[in-house]
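Novice: For reference, the file structure-v2.cif (mmCIF, C-alpha atoms and all ligand atoms) is included below:
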data_entry
loop_
_atom_site.group_PDB
_atom_site.id
_atom_site.type_symbol
_atom_site.label_atom_id
_atom_site.label_comp_id
_atom_site.auth_asym_id
_atom_site.auth_seq_id
_atom_site.Cartn_x
_atom_site.Cartn_y
_atom_site.Cartn_z
ATOM 1 C CA MET I 1 -14.664 16.558 -4.392
ATOM 2 C CA ARG I 2 -13.036 18.249 -1.551
ATOM 3 C CA ARG I 3 -11.663 20.540 -4.199
ATOM 4 C CA ILE I 4 -15.034 22.163 -3.885
ATOM 5 C CA ALA I 5 -15.037 21.649 -0.155
ATOM 6 C CA ALA I 6 -11.607 23.248 0.132
ATOM 7 C CA LEU I 7 -12.628 26.227 -1.935
ATOM 8 C CA PHE I 8 -15.765 26.697 0.039
ATOM 9 C CA ALA I 9 -13.922 26.410 3.276
ATOM 10 C CA MET I 10 -12.912 29.923 2.237
ATOM 11 C CA PHE I 11 -16.560 30.862 2.376
ATOM 12 C CA ALA I 12 -17.105 28.626 5.360
ATOM 13 C CA LEU I 13 -20.042 30.368 6.973
ATOM 14 C CA LEU I 14 -21.990 30.567 3.780
ATOM 15 C CA ALA I 15 -21.177 27.261 2.346
ATOM 16 C CA SER I 16 -21.158 25.018 5.379
ATOM 17 C CA SER I 17 -24.256 23.236 4.180
ATOM 18 C CA PHE I 18 -22.656 22.609 0.814
ATOM 19 C CA VAL I 19 -19.538 21.230 2.432
ATOM 20 C CA ALA I 20 -21.811 18.985 4.451
ATOM 21 C CA ALA I 21 -23.500 17.891 1.244
ATOM 22 C CA ALA I 22 -20.117 17.215 -0.328
ATOM 23 C CA GLN I 23 -19.269 15.005 2.616
ATOM 24 C CA GLU I 24 -22.352 12.962 1.932
ATOM 25 C CA GLY I 25 -20.628 12.010 -1.255
ATOM 26 C CA PHE I 26 -20.828 12.198 -5.000
ATOM 27 C CA THR I 27 -23.775 10.464 -6.618
ATOM 28 C CA GLY I 28 -23.030 10.561 -10.344
ATOM 29 C CA TYR I 29 -20.130 8.129 -10.779
ATOM 30 C CA SER I 30 -20.817 5.047 -12.896
ATOM 31 C CA ASN I 31 -18.858 2.021 -14.133
ATOM 32 C CA GLU I 32 -21.415 0.145 -16.217
ATOM 33 C CA ILE I 33 -20.105 0.727 -19.739
ATOM 34 C CA LEU I 34 -16.384 1.501 -19.674
ATOM 35 C CA SER I 35 -15.629 -1.424 -17.358
ATOM 36 C CA LYS I 36 -16.880 -3.772 -20.092
ATOM 37 C CA ALA I 37 -15.212 -2.022 -23.024
ATOM 38 C CA GLY I 38 -12.215 -4.358 -22.998
ATOM 39 C CA TYR I 39 -9.391 -1.947 -22.225
ATOM 40 C CA PRO I 40 -6.532 -3.309 -20.139
ATOM 41 C CA ASP I 41 -6.635 -2.360 -16.477
ATOM 42 C CA LEU I 42 -4.279 0.111 -14.878
ATOM 43 C CA PHE I 43 -4.706 -0.123 -11.113
ATOM 44 C CA VAL I 44 -3.509 2.649 -8.827
ATOM 45 C CA THR I 45 -3.799 2.207 -5.067
ATOM 46 C CA VAL I 46 -2.563 4.787 -2.609
ATOM 47 C CA GLY I 47 -2.396 4.958 1.167
ATOM 48 C CA PRO I 48 -0.088 4.834 4.173
ATOM 49 C CA SER I 49 1.771 1.808 2.718
ATOM 50 C CA GLY I 50 2.683 3.801 -0.375
ATOM 51 C CA LEU I 51 1.673 4.207 -3.995
ATOM 52 C CA GLU I 52 1.074 0.989 -5.872
ATOM 53 C CA ALA I 53 1.089 1.401 -9.649
ATOM 54 C CA PRO I 54 2.863 -0.082 -12.679
ATOM 55 C CA ASP I 55 6.233 1.432 -13.609
ATOM 56 C CA THR I 56 6.225 0.330 -17.259
ATOM 57 C CA LEU I 57 3.373 -0.009 -19.729
ATOM 58 C CA GLU I 58 3.098 -0.189 -23.467
ATOM 59 C CA ALA I 59 1.328 2.643 -25.258
ATOM 60 C CA GLY I 60 -2.431 2.362 -25.638
ATOM 61 C CA PHE I 61 -5.785 2.923 -24.007
ATOM 62 C CA TYR I 62 -6.166 1.954 -20.361
ATOM 63 C CA TYR I 63 -9.062 1.587 -17.976
ATOM 64 C CA VAL I 64 -7.619 3.241 -14.897
ATOM 65 C CA THR I 65 -9.040 2.364 -11.511
ATOM 66 C CA LEU I 66 -8.046 4.332 -8.439
ATOM 67 C CA SER I 67 -8.482 2.980 -4.912
ATOM 68 C CA ALA I 68 -7.629 4.310 -1.485
ATOM 69 C CA GLU I 69 -5.801 1.680 0.551
ATOM 70 C CA VAL I 70 -7.682 2.628 3.717
ATOM 71 C CA ALA I 71 -11.443 2.130 3.470
ATOM 72 C CA GLU I 72 -12.177 5.256 5.516
ATOM 73 C CA GLN I 73 -10.173 7.476 3.162
ATOM 74 C CA VAL I 74 -10.505 8.789 -0.380
ATOM 75 C CA ALA I 75 -7.822 9.077 -3.056
ATOM 76 C CA TYR I 76 -6.883 11.470 -5.855
ATOM 77 C CA MET I 77 -4.633 10.876 -8.858
ATOM 78 C CA ASN I 78 -3.336 12.502 -12.011
ATOM 79 C CA ILE I 79 -0.860 11.220 -14.599
ATOM 80 C CA VAL I 80 1.469 14.110 -15.345
ATOM 81 C CA ILE I 81 4.604 15.360 -17.017
ATOM 82 C CA PRO I 82 6.172 17.931 -14.675
ATOM 83 C CA PRO I 83 8.159 20.867 -16.016
ATOM 84 C CA ALA I 84 11.901 20.226 -16.258
ATOM 85 C CA GLY I 85 14.215 21.441 -13.545
ATOM 86 C CA LEU I 86 12.086 20.916 -10.442
ATOM 87 C CA THR I 87 13.406 19.026 -7.438
ATOM 88 C CA ASP I 88 11.415 16.019 -6.227
ATOM 89 C CA ASP I 89 10.125 18.109 -3.324
ATOM 90 C CA GLU I 90 8.978 20.866 -5.659
ATOM 91 C CA VAL I 91 7.235 18.336 -7.905
ATOM 92 C CA ASN I 92 5.438 16.878 -4.926
ATOM 93 C CA ALA I 93 4.473 20.272 -3.499
ATOM 94 C CA GLN I 94 3.165 21.549 -6.828
ATOM 95 C CA LEU I 95 1.190 18.355 -7.424
ATOM 96 C CA LEU I 96 -0.435 18.748 -4.029
ATOM 97 C CA GLU I 97 -1.086 22.408 -4.707
ATOM 98 C CA ALA I 98 -2.813 21.493 -7.966
ATOM 99 C CA GLY I 99 -4.842 18.590 -6.628
ATOM 100 C CA ASN I 100 -5.729 19.981 -3.246
ATOM 101 C CA GLY I 101 -5.687 23.722 -3.837
ATOM 102 C CA ASP I 102 -6.665 23.932 -7.525
ATOM 103 C CA VAL I 103 -3.613 26.103 -8.235
ATOM 104 C CA VAL I 104 -1.817 25.300 -11.489
ATOM 105 C CA ARG I 105 1.792 26.363 -12.013
ATOM 106 C CA HIS I 106 3.363 26.953 -15.396
ATOM 107 C CA GLY I 107 4.804 24.161 -17.482
ATOM 108 C CA TRP I 108 2.828 21.169 -16.185
ATOM 109 C CA ASN I 109 1.168 18.691 -18.496
ATOM 110 C CA PHE I 110 -1.755 17.081 -16.691
ATOM 111 C CA ILE I 111 -2.845 14.094 -18.747
ATOM 112 C CA GLY I 112 -5.883 13.269 -16.622
ATOM 113 C CA GLY I 113 -7.058 11.815 -13.368
ATOM 114 C CA THR I 114 -9.834 11.336 -10.894
ATOM 115 C CA ASN I 115 -10.803 11.277 -7.237
ATOM 116 C CA THR I 116 -12.646 8.467 -5.513
ATOM 117 C CA PRO I 117 -16.192 9.656 -4.857
ATOM 118 C CA ASN I 118 -16.652 8.338 -1.348
ATOM 119 C CA PRO I 119 -14.670 6.334 1.222
ATOM 120 C CA GLY I 120 -14.637 2.654 0.324
ATOM 121 C CA GLN I 121 -15.375 3.301 -3.364
ATOM 122 C CA THR I 122 -13.131 3.288 -6.439
ATOM 123 C CA ALA I 123 -13.074 5.687 -9.394
ATOM 124 C CA SER I 124 -12.339 4.736 -12.994
ATOM 125 C CA PHE I 125 -11.720 6.451 -16.292
ATOM 126 C CA VAL I 126 -10.133 5.685 -19.656
ATOM 127 C CA LEU I 127 -7.201 7.497 -21.186
ATOM 128 C CA GLU I 128 -4.704 6.894 -23.949
ATOM 129 C CA LEU I 129 -1.085 6.750 -22.867
ATOM 130 C CA LYS I 130 1.433 7.642 -25.537
ATOM 131 C CA GLU I 131 5.071 6.651 -25.506
ATOM 132 C CA GLY I 132 7.020 8.748 -23.006
ATOM 133 C CA GLU I 133 8.074 9.366 -19.423
ATOM 134 C CA TYR I 134 5.348 10.210 -16.920
ATOM 135 C CA LEU I 135 4.797 10.561 -13.245
ATOM 136 C CA ILE I 136 1.783 9.138 -11.479
ATOM 137 C CA GLY I 137 0.827 11.517 -8.683
ATOM 138 C CA ALA I 138 -1.617 10.046 -6.191
ATOM 139 C CA SER I 139 -2.769 11.185 -2.779
ATOM 140 C CA TYR I 140 -4.950 10.037 0.068
ATOM 141 C CA TYR I 141 -6.907 11.961 2.684
ATOM 142 C CA SER I 142 -9.980 11.873 4.866
ATOM 143 C CA VAL I 143 -13.100 13.652 3.653
ATOM 144 C CA GLU I 144 -13.771 15.102 7.108
ATOM 145 C CA ALA I 145 -10.475 17.017 7.094
ATOM 146 C CA ASN I 146 -11.294 18.705 3.735
ATOM 147 C CA GLY I 147 -7.914 17.587 2.472
ATOM 148 C CA ALA I 148 -5.883 19.146 5.294
ATOM 149 C CA ASP I 149 -4.361 15.721 5.968
ATOM 150 C CA GLU I 150 -3.677 14.982 2.301
ATOM 151 C CA VAL I 151 -0.469 13.082 1.522
ATOM 152 C CA MET I 152 0.814 13.154 -2.079
ATOM 153 C CA LEU I 153 3.047 10.396 -3.425
ATOM 154 C CA THR I 154 4.603 9.941 -6.852
ATOM 155 C CA SER I 155 5.725 7.018 -8.935
ATOM 156 C CA PRO I 156 7.507 7.157 -12.322
ATOM 157 C CA LEU I 157 5.825 5.535 -15.303
ATOM 158 C CA THR I 158 7.578 4.687 -18.552
ATOM 159 C CA VAL I 159 5.295 4.129 -21.527
ATOM 160 C CA THR I 160 6.980 2.149 -24.273
ATOM 161 C CA ALA I 161 6.038 1.653 -27.924
ATOM 162 C CA ARG I 162 2.987 -0.494 -28.499
ATOM 163 C CA VAL I 163 3.812 -4.101 -29.381
ATOM 164 C CA SER I 164 0.438 -5.790 -28.817
ATOM 165 C CA ASP I 165 -1.180 -6.507 -32.152
ATOM 166 C CA ASP I 166 -4.809 -6.156 -31.073
ATOM 167 C CA ILE I 167 -6.438 -3.058 -32.484
ATOM 168 C CA GLN I 168 -7.718 -0.654 -29.875
ATOM 169 C CA THR I 169 -10.493 1.763 -30.704
ATOM 170 C CA VAL I 170 -11.396 5.090 -29.168
ATOM 171 C CA PRO I 171 -14.125 4.733 -26.512
ATOM 172 C CA GLU I 172 -17.604 5.472 -27.801
ATOM 173 C CA ALA I 173 -18.961 8.518 -26.032
ATOM 174 C CA THR I 174 -22.553 9.750 -25.944
ATOM 175 C CA VAL I 175 -21.669 13.096 -24.334
ATOM 176 C CA LYS I 176 -18.795 15.385 -25.242
ATOM 177 C CA VAL I 177 -17.265 18.218 -23.260
ATOM 178 C CA GLU I 178 -14.774 20.651 -24.732
ATOM 179 C CA MET I 179 -12.765 22.788 -22.346
ATOM 180 C CA THR I 180 -11.393 25.809 -24.156
ATOM 181 C CA ASP I 181 -8.696 28.455 -23.852
ATOM 182 C CA GLU I 182 -11.548 30.980 -23.686
ATOM 183 C CA LEU I 183 -12.332 29.383 -20.293
ATOM 184 C CA ARG I 184 -15.549 27.784 -21.456
ATOM 185 C CA TYR I 185 -17.150 24.334 -21.372
ATOM 186 C CA ILE I 186 -19.075 23.186 -24.422
ATOM 187 C CA VAL I 187 -21.397 20.256 -23.650
ATOM 188 C CA THR I 188 -23.095 18.289 -26.429
ATOM 189 C CA PRO I 189 -25.809 17.205 -26.627
ATOM 190 C CA ASP I 190 -28.085 19.173 -24.341
ATOM 191 C CA PRO I 191 -30.172 17.653 -22.888
ATOM 192 C CA VAL I 192 -27.972 14.761 -21.809
ATOM 193 C CA ALA I 193 -29.802 11.466 -21.410
ATOM 194 C CA ALA I 194 -30.329 10.106 -17.904
ATOM 195 C CA GLY I 195 -28.641 6.818 -17.012
ATOM 196 C CA PRO I 196 -25.031 5.720 -17.555
ATOM 197 C CA GLN I 197 -23.281 7.764 -20.275
ATOM 198 C CA VAL I 198 -19.665 7.860 -21.396
ATOM 199 C CA TRP I 199 -18.376 11.447 -21.405
ATOM 200 C CA GLU I 200 -15.473 12.353 -23.670
ATOM 201 C CA ILE I 201 -13.757 15.276 -21.970
ATOM 202 C CA THR I 202 -11.175 17.138 -24.060
ATOM 203 C CA ASN I 203 -9.129 20.218 -23.358
ATOM 204 C CA THR I 204 -9.152 21.674 -26.860
ATOM 205 C CA GLY I 205 -7.004 24.635 -25.834
ATOM 206 C CA VAL I 206 -3.273 25.056 -25.401
ATOM 207 C CA HIS I 207 -2.656 27.556 -22.625
ATOM 208 C CA HIS I 208 -4.834 26.508 -19.691
ATOM 209 C CA SER I 209 -5.493 23.394 -17.644
ATOM 210 C CA HIS I 210 -9.020 22.687 -16.443
ATOM 211 C CA HIS I 211 -10.963 20.188 -14.411
ATOM 212 C CA VAL I 212 -14.652 19.282 -14.274
ATOM 213 C CA VAL I 213 -16.664 19.660 -11.104
ATOM 214 C CA MET I 214 -20.215 18.510 -11.801
ATOM 215 C CA VAL I 215 -23.003 19.533 -9.461
ATOM 216 C CA GLY I 216 -26.781 19.311 -9.443
ATOM 217 C CA VAL I 217 -28.308 22.797 -9.205
ATOM 218 C CA PRO I 218 -31.854 24.012 -8.534
ATOM 219 C CA GLU I 219 -34.054 23.764 -11.634
ATOM 220 C CA GLY I 220 -33.781 26.841 -13.828
ATOM 221 C CA THR I 221 -30.467 28.038 -12.373
ATOM 222 C CA THR I 222 -28.413 29.950 -14.939
ATOM 223 C CA ALA I 223 -24.649 30.169 -15.381
ATOM 224 C CA GLU I 224 -24.940 33.931 -14.819
ATOM 225 C CA GLN I 225 -26.522 33.335 -11.408
ATOM 226 C CA ILE I 226 -23.704 30.980 -10.390
ATOM 227 C CA ILE I 227 -21.048 33.467 -11.514
ATOM 228 C CA SER I 228 -22.829 36.331 -9.822
ATOM 229 C CA GLU I 229 -23.065 34.455 -6.532
ATOM 230 C CA ALA I 230 -19.400 33.438 -6.741
ATOM 231 C CA GLN I 231 -18.444 37.069 -7.401
ATOM 232 C CA SER I 232 -20.405 38.184 -4.354
ATOM 233 C CA MET I 233 -18.736 35.585 -2.187
ATOM 234 C CA PHE I 234 -15.290 36.534 -3.451
ATOM 235 C CA ALA I 235 -16.039 40.196 -2.858
ATOM 236 C CA GLY I 236 -17.136 39.353 0.674
ATOM 237 C CA THR I 237 -20.621 40.717 0.058
ATOM 238 C CA PRO I 238 -22.832 37.639 -0.081
ATOM 239 C CA ALA I 239 -26.492 38.084 -0.857
ATOM 240 C CA ALA I 240 -28.944 37.639 1.998
ATOM 241 C CA GLY I 241 -30.806 34.378 2.328
ATOM 242 C CA PRO I 242 -29.784 30.795 1.608
ATOM 243 C CA GLY I 243 -26.961 30.781 -0.921
ATOM 244 C CA LEU I 244 -27.202 29.085 -4.278
ATOM 245 C CA PHE I 245 -24.023 27.134 -3.618
ATOM 246 C CA ALA I 246 -25.552 25.675 -0.483
ATOM 247 C CA GLN I 247 -28.166 24.046 -2.704
ATOM 248 C CA PHE I 248 -25.692 22.289 -4.992
ATOM 249 C CA THR I 249 -25.479 18.511 -4.842
ATOM 250 C CA PRO I 250 -22.180 16.836 -5.777
ATOM 251 C CA GLY I 251 -22.392 14.715 -8.905
ATOM 252 C CA GLY I 252 -19.102 13.950 -10.620
ATOM 253 C CA TYR I 253 -15.553 15.016 -11.201
ATOM 254 C CA ALA I 254 -12.693 14.777 -13.674
ATOM 255 C CA ALA I 255 -9.243 15.926 -12.570
ATOM 256 C CA LEU I 256 -6.990 18.447 -14.294
ATOM 257 C CA GLN I 257 -6.297 18.098 -18.013
ATOM 258 C CA SER I 258 -3.873 20.270 -19.922
ATOM 259 C CA GLY I 259 -4.311 21.276 -23.549
ATOM 260 C CA GLY I 260 -4.682 18.453 -26.047
ATOM 261 C CA ASN I 261 -5.574 15.771 -23.512
ATOM 262 C CA THR I 262 -8.741 13.676 -23.429
ATOM 263 C CA THR I 263 -10.243 11.398 -20.817
ATOM 264 C CA TRP I 264 -13.364 9.261 -20.989
ATOM 265 C CA VAL I 265 -15.396 9.202 -17.832
ATOM 266 C CA GLU I 266 -18.733 7.571 -17.127
ATOM 267 C CA PHE I 267 -21.503 9.371 -15.265
ATOM 268 C CA ASP I 268 -25.048 8.352 -14.371
ATOM 269 C CA LEU I 269 -27.021 11.526 -13.694
ATOM 270 C CA THR I 270 -30.605 11.896 -12.559
ATOM 271 C CA PRO I 271 -32.972 14.137 -14.542
ATOM 272 C CA GLY I 272 -32.693 17.801 -13.638
ATOM 273 C CA THR I 273 -30.462 20.822 -14.035
ATOM 274 C CA TRP I 274 -26.720 20.317 -13.709
ATOM 275 C CA ALA I 275 -23.648 22.538 -13.907
ATOM 276 C CA LEU I 276 -19.981 22.060 -14.757
ATOM 277 C CA ILE I 277 -17.717 24.419 -12.829
ATOM 278 C CA CYS I 278 -13.973 25.065 -13.056
ATOM 279 C CA PHE I 279 -12.327 26.130 -9.800
ATOM 280 C CA ILE I 280 -8.794 26.090 -11.226
ATOM 281 C CA MET I 281 -6.660 29.128 -10.468
ATOM 282 C CA GLU I 282 -3.676 30.128 -12.566
ATOM 283 C CA ASP I 283 -0.349 30.656 -10.867
ATOM 284 C CA GLY I 284 -0.487 34.119 -9.296
ATOM 285 C CA VAL I 285 -4.155 34.705 -10.151
ATOM 286 C CA PHE I 286 -6.182 34.323 -7.013
ATOM 287 C CA GLN I 287 -9.538 33.681 -8.564
ATOM 288 C CA PRO I 288 -10.952 30.545 -10.139
ATOM 289 C CA HIS I 289 -11.800 30.201 -13.829
ATOM 290 C CA LEU I 290 -15.409 30.236 -12.634
ATOM 291 C CA LEU I 291 -15.180 33.984 -12.066
ATOM 292 C CA GLU I 292 -14.045 34.409 -15.655
ATOM 293 C CA GLY I 293 -17.107 32.544 -16.865
ATOM 294 C CA MET I 294 -16.035 28.897 -16.740
ATOM 295 C CA VAL I 295 -19.369 27.400 -15.773
ATOM 296 C CA THR I 296 -22.049 25.912 -17.952
ATOM 297 C CA VAL I 297 -25.515 24.682 -17.137
ATOM 298 C CA PHE I 298 -27.153 21.759 -18.917
ATOM 299 C CA THR I 299 -30.213 19.582 -18.567
ATOM 300 C CA VAL I 300 -30.429 15.857 -17.926
ATOM 301 C CA ALA I 301 -33.689 14.388 -19.193
HETATM 302 CU CU CU K 401 -10.637 26.028 -16.044
#
If you convert what's in this file into structure tokens, what do you get?
Specialist:
Amino acid sequence: MRRIAALFAMFALLASSFVAAAQEGFTGYSNEILSKAGYPDLFVTVGPSGLEAPDTLEAGFYYVTLSAEVAEQVAYMNIVIPPAGLTDDEVNAQLLEAGNGDVVRHGWNFIGGTNTPNPGQTASFVLELKEGEYLIGASYYSVEANGADEVMLTSPLTVTARVSDDIQTVPEATVKVEMTDELRYIVTPDPVAAGPQVWEITNTGVHHSHHVVMVGVPEGTTAEQIISEAQSMFAGTPAAGPGLFAQFTPGGYAALQSGGNTTWVEFDLTPGTWALICFIMEDGVFQPHLLEGMVTVFTVA
């Protein structure tokens, strides 16, 4: 997403080709399996006319579909529980800071979300909503502006006890990702099969929120190489020659999840070497989880 683009705007000279690649769009999104799994729809549409989303739902699994109202724009969303005591303006500002700037403040519970991959396209995922009071945060922006024009809107969501008597089952996933408090991703299996796969993404930790930025990387790239290049860029001493990041191709994305939360997202990846990278920065820590080792490389075959 432009979350990558925004980060790499910081390394603009180096990463301009990657930003350009990001603007060509994400190629790994898929809706073949989860769309037919029978979960009730939860539609979220956001744009200049406002944020359109339900205000009351019963507890259960939902197939969430996010759309930008304006075909030339993209949209971001996350279902959240903000920390108590914030004003509406603070909630909005901190949501934008998290979605746009990858900065996570203390006390937020990010249940899960997504970003539309390209203008004119939707993004879907499945999550389980439990009884409680939530906020849907959703924003819209143009890809060209790298999120500088992003507008964040919120809408309250009350989830009531489940009364429907149909039995819902947990989505069947063929790939699992654990995001841990040790700032690691654990992907199983490896290799991942090519073609549409449902990914179960769980933050198994307690203390940190993470997202998933999925990129295609040159064959044989190691996590150590990605960390090393990121460290060089952060230190302002980039290696000579074409940067590794400039060779990344955008694949997929899953928005912030706090500890204990799971989303199910479908990706269709081409054979090759892929990486998951976390660009999230803790409040007051001006470096992404990536620099603390939160990147993993896996194979799609
Ligand atoms: Cu992280």
Novice: For stretch 132-140 of chain I, please output as a ChimeraX atom specification all residues within 10 Å (counting all atoms listed in the file; exclusion window: fewer than 4 positions along the same chain).
Specialist: /I:44-48,50-56,58-59,66-70,73-82,91-92,95-96,99-100,109-111,113-116,147,149-161
Novice: How would you report the residues lying within 9 Å of ligand CU 401 (chain K), as a PDB file with C-alpha atoms, in the frame of the given file, if you count all atoms listed in the file?
Specialist:
ATOM      1  CA  MET I 179     -12.765  22.788 -22.346  1.00  0.00           C
ATOM      2  CA  THR I 180     -11.393  25.809 -24.156  1.00  0.00           C
ATOM      3  CA  ASP I 181      -8.696  28.455 -23.852  1.00  0.00           C
ATOM      4  CA  LEU I 183     -12.332  29.383 -20.293  1.00  0.00           C
ATOM      5  CA  ARG I 184     -15.549  27.784 -21.456  1.00  0.00           C
ATOM      6  CA  TYR I 185     -17.150  24.334 -21.372  1.00  0.00           C
ATOM      7  CA  HIS I 208      -4.834  26.508 -19.691  1.00  0.00           C
ATOM      8  CA  SER I 209      -5.493  23.394 -17.644  1.00  0.00           C
ATOM      9  CA  HIS I 210      -9.020  22.687 -16.443  1.00  0.00           C
ATOM     10  CA  HIS I 211     -10.963  20.188 -14.411  1.00  0.00           C
ATOM     11  CA  VAL I 212     -14.652  19.282 -14.274  1.00  0.00           C
ATOM     12  CA  LEU I 256      -6.990  18.447 -14.294  1.00  0.00           C
ATOM     13  CA  ILE I 277     -17.717  24.419 -12.829  1.00  0.00           C
ATOM     14  CA  CYS I 278     -13.973  25.065 -13.056  1.00  0.00           C
ATOM     15  CA  PHE I 279     -12.327  26.130  -9.800  1.00  0.00           C
ATOM     16  CA  ILE I 280      -8.794  26.090 -11.226  1.00  0.00           C
ATOM     17  CA  MET I 281      -6.660  29.128 -10.468  1.00  0.00           C
ATOM     18  CA  GLU I 282      -3.676  30.128 -12.566  1.00  0.00           C
ATOM     19  CA  PRO I 288     -10.952  30.545 -10.139  1.00  0.00           C
ATOM     20  CA  HIS I 289     -11.800  30.201 -13.829  1.00  0.00           C
ATOM     21  CA  LEU I 290     -15.409  30.236 -12.634  1.00  0.00           C
ATOM     22  CA  MET I 294     -16.035  28.897 -16.740  1.00  0.00           C
ATOM     23  CA  VAL I 295     -19.369  27.400 -15.773  1.00  0.00           C
TER      24      VAL I 295
END
Novice: Atom CA of I:Glu266 to atom CA of I:Gly195: how many Å, to one decimal?
Specialist: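 Spanning atom CA of I:Glu266 to atom CA of I:Gly195 is a straight-line distance of 9.9 Å.
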Novice: Can you spell out as a ChimeraX atom specification the set of residues that the PyMOL selection byres (((chain I and resi 199) around 10) and not hetatm) selects in the structure I just provided?
Specialist: /I:125,171-177,187-188,196-198,200-202,263-267
Novice: List as a list in words the residues having at least one atom at most 10 Å from position (-22.3, 18.3, -10.5) as given in the file, counting all atoms listed in the file.
Specialist: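 Those within range, by chain then number, are Met1, Phe26, Thr27, Gly28, Val212, Val213, Met214, Val215, Gly216, Val217, Phe248, Thr249, Pro250, Gly251, Gly252, Tyr253, Leu269, Thr273, Trp274, Ala275, Leu276, Ile277 and Val297 of chain I.
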Novice: Write to file, as a short mmCIF file (atom, residue, chain, number, x, y, z; two decimals), keeping the file's coordinate frame, the residues of the selection just made, with C-alpha atoms.
Specialist:
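Everything below was put into part-v5.cif:
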data_model
loop_
_atom_site.label_atom_id
_atom_site.label_comp_id
_atom_site.auth_asym_id
_atom_site.auth_seq_id
_atom_site.Cartn_x
_atom_site.Cartn_y
_atom_site.Cartn_z
CA MET I 1 -14.66 16.56 -4.39
CA PHE I 26 -20.83 12.20 -5.00
CA THR I 27 -23.78 10.46 -6.62
CA GLY I 28 -23.03 10.56 -10.34
CA VAL I 212 -14.65 19.28 -14.27
CA VAL I 213 -16.66 19.66 -11.10
CA MET I 214 -20.22 18.51 -11.80
CA VAL I 215 -23.00 19.53 -9.46
CA GLY I 216 -26.78 19.31 -9.44
CA VAL I 217 -28.31 22.80 -9.20
CA PHE I 248 -25.69 22.29 -4.99
CA THR I 249 -25.48 18.51 -4.84
CA PRO I 250 -22.18 16.84 -5.78
CA GLY I 251 -22.39 14.72 -8.90
CA GLY I 252 -19.10 13.95 -10.62
CA TYR I 253 -15.55 15.02 -11.20
CA LEU I 269 -27.02 11.53 -13.69
CA THR I 273 -30.46 20.82 -14.04
CA TRP I 274 -26.72 20.32 -13.71
CA ALA I 275 -23.65 22.54 -13.91
CA LEU I 276 -19.98 22.06 -14.76
CA ILE I 277 -17.72 24.42 -12.83
CA VAL I 297 -25.52 24.68 -17.14
#
Novice: Of the residues I:Ala223, I:Leu34, I:Leu244, I:Met233, which is the one nearest to I:Ala123, using only C-alpha atoms?
Specialist: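 Result for the nearest residue to I:Ala123: I:Leu34.
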Novice: Give me, please, the distance in Å between atom CA of I:Phe298 and atom CA of I:Gly205, quoted to one decimal.
Specialist: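 Distance reported for this atom pair: 21.5 Å.
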Novice: Apply the PyMOL selection byres (((chain I and resi 191) around 8) and not hetatm) to the displayed file and report the matching residues as number ranges by chain.
Specialist: I: 188-190, 192-193, 298-301
Novice: Rounded to one decimal in Å, what is the spacing between atom CA of I:His207 and atom CA of I:Arg105?
Specialist: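 Between atom CA of I:His207 and atom CA of I:Arg105 the gap is 11.6 Å.
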Novice: Could you check which of I:Gly272, I:Gly259, I:Gly101, I:Gly236 is closest to I:Glu219, using all atoms listed in the file?
Specialist: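 Closest candidate: I:Gly272.
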Novice: Just checking: using only C-alpha atoms, which residue out of I:Thr169, I:Asp268, I:Ala255, I:Pro119 ends up closest to I:Ala71?
Specialist: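 Using only C-alpha atoms, the shortest distance to I:Ala71 belongs to I:Pro119.
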Novice: Select, from I:Glu72, I:Thr270, I:Glu32, I:Arg162, the residue with the minimum atom-to-atom distance to I:Glu144, counting all atoms listed in the file.
Specialist: I:Glu72
Novice: With only C-alpha atoms as the basis for distance, which of I:Gly284, I:Gly60, I:Pro271, I:Gly25 is at the shortest distance from I:Tyr39?
Specialist: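 Looking at the shortest contact to I:Tyr39, the residue is I:Gly60.
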Novice: Calculated over only C-alpha atoms, which of the candidates I:Gln287, I:Thr122, I:Thr204, I:Thr65 has the smallest distance to I:Ala235?
Specialist: I:Gln287
